[in-house]
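Heads up: the structure comes next, in structure tokens.
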Amino acid sequence: MGRESQYDCPSCKDKGFILKSVPELEGDGTPKLWASGLPKKIETLIDCVCAKKRQSDHLMKFSEITNEFKSMTFSSFNVADKHELVQDAYQCAIDYYKDFDRIRKARCNSISLLGQPGSGKTHLLTALANNLIQKKQVSVLYFPFVEGFNDLKDDFNLLEEKLTKMKRVGVLFIDDLFKGRDYPTPFQLEQMFAVINYRYLNHRPIMMSSEKTVDELCDIDEALGTRIYQMCQDYTVVIKGDRKQLNHRLVGAPS
């Protein structure tokens with residue numbers, strides 16, 4: 001067995017780059033020539049094809065997206081015979097991905113899918129997160145509201161580190177904001193406002209799912225709700241209506 005088998009990538013020997021001869025150019029872009037008429041060439045470092053995958057793998061590990069969620073894609077989300085609002089949410093997530101590079105530093109640079117439990121909000125936003133990580137090498141951090149705060153409650157030493165990550169990551173994915181109670185605890189509200197306000201002021205995108213509507217979020221805390229609305233207004237779908245029609249886990253289930 002050759003020495004190449006020692007490396008994950010034989011092309012670059014796991015360096016992440018390769019040395020390649022490329023034409024040396026004049027200021028106007030034409031190739032420089034030797035007196036003999038042959039083109040001059042210079043050795044330059046270029047990224048190996050494996051570098052993008054390594055970066056994606058690193059970002060995926062950082063994201064804290066579970067192994068189960070890593071398999072969620074747009075193609076595995078079946079929109080056939082689904083309610084129009086569910087199809088709207090699917091299209092909204094697709095459009096956001098396509099527009100991301102253009103809007104990521106704008107005031108309205110975020111997405112929220114709101115309303116009916118079981119309508120596929122988490123699946124669609126997870127598929128979006130997976131695409132941003134794997135295809136655009138964007139750092140995403142997944143924060144499930146209930147489990148996330150339970151973890152912080154159990155270890156306050158993690159609090160500052162976690163909140164710093166949530167504020168500064170490329171895209172923050174908040175799943176099921178304010179789930180499980182009509183009103184969050186003062187601690188939860190204080191920390192979520194601190195994170196979202198930081199991201200609002202610094203034009204850092206969020207992706208958010210919640211069973212609450214925009215009005216309900218504003219009723220909980222108007223300052224928080226209005227910031228979320230301003231960040232997400234161009235990419236928001238509220239899924240409300242008949243539970244059996246909107247909950248994709250129930251579609252096709254026996255009545």
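Each chain of the structure tokens is named A, B, ... in the order shown, its residues numbered from 1; ligands are numbered from 1 in display order.
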For this session: Find the residues near stretch 175-184 of chain A: any atom within 10 Å, counting only C-alpha atoms, skip ones fewer than 4 places away on the same chain, and give them as an NGL selection string.
Result: :A and (112-115 or 117 or 121-122 or 125-126 or 142-148 or 188-190 or 192 or 207-212 or 216-217 or 219-221)
For this session: Assign secondary structure with DSSP using the backbone only, and return the residues of stretch 17-253 of chain A in strand (DSSP E) as a PyMOL selection string.
Result: chain A and resi 17-23+41-47+111-115+140-144+171-175+206-210+236-239
File dump, residues just selected, N, CA and C atoms, as a compact mmCIF listing (two decimals), in the first residue's frame:
```
# COMPACT_ATOMS: atom_id res chain seq x y z
N PHE A 17 -4.12 22.82 0.48
CA PHE A 17 -3.76 23.63 -0.69
C PHE A 17 -2.77 22.85 -1.54
N ILE A 18 -2.66 23.27 -2.79
CA ILE A 18 -1.70 22.65 -3.70
C ILE A 18 -0.94 23.75 -4.44
N LEU A 19 0.26 23.42 -4.90
CA LEU A 19 1.08 24.35 -5.65
C LEU A 19 0.82 24.14 -7.14
N LYS A 20 0.53 25.25 -7.83
CA LYS A 20 0.16 25.12 -9.24
C LYS A 20 0.84 26.21 -10.05
N SER A 21 1.28 25.85 -11.26
CA SER A 21 1.88 26.83 -12.17
C SER A 21 0.78 27.54 -12.94
N VAL A 22 0.79 28.88 -12.87
CA VAL A 22 -0.22 29.68 -13.59
C VAL A 22 0.50 30.75 -14.39
N PRO A 23 -0.09 31.23 -15.49
CA PRO A 23 0.55 32.27 -16.30
C PRO A 23 0.75 33.56 -15.49
N LYS A 41 5.56 31.68 -16.31
CA LYS A 41 4.65 31.08 -15.33
C LYS A 41 5.20 31.26 -13.93
N ILE A 42 4.31 31.34 -12.97
CA ILE A 42 4.70 31.46 -11.57
C ILE A 42 4.02 30.36 -10.79
N GLU A 43 4.66 29.96 -9.68
CA GLU A 43 4.08 28.96 -8.79
C GLU A 43 3.21 29.67 -7.76
N THR A 44 2.00 29.22 -7.60
CA THR A 44 1.09 29.85 -6.64
C THR A 44 0.32 28.79 -5.87
N LEU A 45 -0.10 29.15 -4.66
CA LEU A 45 -0.88 28.23 -3.84
C LEU A 45 -2.37 28.43 -4.12
N ILE A 46 -3.06 27.34 -4.34
CA ILE A 46 -4.52 27.42 -4.51
C ILE A 46 -5.18 26.43 -3.55
N ASP A 47 -6.42 26.74 -3.15
CA ASP A 47 -7.14 25.84 -2.27
C ASP A 47 -7.40 24.51 -2.96
N ILE A 111 -35.05 35.38 8.81
CA ILE A 111 -36.24 34.63 8.42
C ILE A 111 -36.92 34.08 9.67
N SER A 112 -38.25 34.11 9.66
CA SER A 112 -39.02 33.49 10.75
C SER A 112 -40.18 32.70 10.17
N LEU A 113 -40.34 31.49 10.65
CA LEU A 113 -41.48 30.63 10.33
C LEU A 113 -42.25 30.43 11.63
N LEU A 114 -43.51 30.87 11.64
CA LEU A 114 -44.27 30.97 12.88
C LEU A 114 -45.57 30.18 12.79
N GLY A 115 -46.09 29.79 13.97
CA GLY A 115 -47.43 29.22 14.02
C GLY A 115 -47.47 27.74 14.34
N VAL A 140 -23.22 28.74 11.46
CA VAL A 140 -24.58 28.74 12.02
C VAL A 140 -24.52 28.10 13.40
N LEU A 141 -25.25 28.65 14.35
CA LEU A 141 -25.36 28.05 15.68
C LEU A 141 -26.82 27.73 15.96
N TYR A 142 -27.08 26.47 16.29
CA TYR A 142 -28.45 26.02 16.57
C TYR A 142 -28.72 26.15 18.07
N PHE A 143 -29.81 26.85 18.40
CA PHE A 143 -30.19 27.03 19.81
C PHE A 143 -31.66 26.67 19.99
N PRO A 144 -31.95 25.43 20.46
CA PRO A 144 -33.33 25.05 20.76
C PRO A 144 -33.74 25.71 22.07
N VAL A 171 -24.83 33.16 11.61
CA VAL A 171 -26.30 33.08 11.63
C VAL A 171 -26.71 32.32 12.89
N LEU A 172 -27.65 32.89 13.64
CA LEU A 172 -28.18 32.23 14.84
C LEU A 172 -29.53 31.62 14.52
N PHE A 173 -29.67 30.31 14.75
CA PHE A 173 -30.91 29.58 14.51
C PHE A 173 -31.57 29.30 15.86
N ILE A 174 -32.64 30.05 16.15
CA ILE A 174 -33.40 29.87 17.40
C ILE A 174 -34.63 29.03 17.08
N ASP A 175 -34.72 27.86 17.67
CA ASP A 175 -35.81 26.93 17.38
C ASP A 175 -36.84 26.94 18.51
N ILE A 206 -30.73 36.21 11.90
CA ILE A 206 -31.28 35.13 12.71
C ILE A 206 -32.21 34.30 11.83
N MET A 207 -32.36 33.03 12.18
CA MET A 207 -33.40 32.17 11.64
C MET A 207 -34.20 31.70 12.85
N MET A 208 -35.51 31.82 12.78
CA MET A 208 -36.30 31.57 13.99
C MET A 208 -37.59 30.84 13.68
N SER A 209 -37.89 29.85 14.51
CA SER A 209 -39.21 29.24 14.49
C SER A 209 -39.88 29.49 15.83
N SER A 210 -41.19 29.62 15.81
CA SER A 210 -41.95 29.81 17.05
C SER A 210 -43.41 29.49 16.78
N THR A 236 -41.06 36.11 6.31
CA THR A 236 -41.86 35.58 7.41
C THR A 236 -43.11 34.91 6.85
N VAL A 237 -43.38 33.72 7.36
CA VAL A 237 -44.65 33.03 7.04
C VAL A 237 -45.28 32.62 8.36
N VAL A 238 -46.55 32.98 8.54
CA VAL A 238 -47.31 32.59 9.72
C VAL A 238 -48.27 31.49 9.30
N ILE A 239 -48.12 30.31 9.90
CA ILE A 239 -48.91 29.14 9.52
C ILE A 239 -49.99 28.95 10.58
```
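In this model, the gap between atom CA of A:Lys82 and atom CA of A:Ile103 comes to 28.9 Å.
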Problem set entry | Picked from stretch 161-243 of chain A by DSSP as alpha helix (DSSP H), as a ChimeraX atom specification | /A:161-168,186-201,214-220,222-232,243
For this session: Find the distance between atom CA of A:Asp8 and atom CA of A:Gln137 and write it in Å to one decimal.
Result: 20.2 Å
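If you look at atom CA of A:Ile94 and atom CA of A:Ala127, they are 9.5 Å away from each other.
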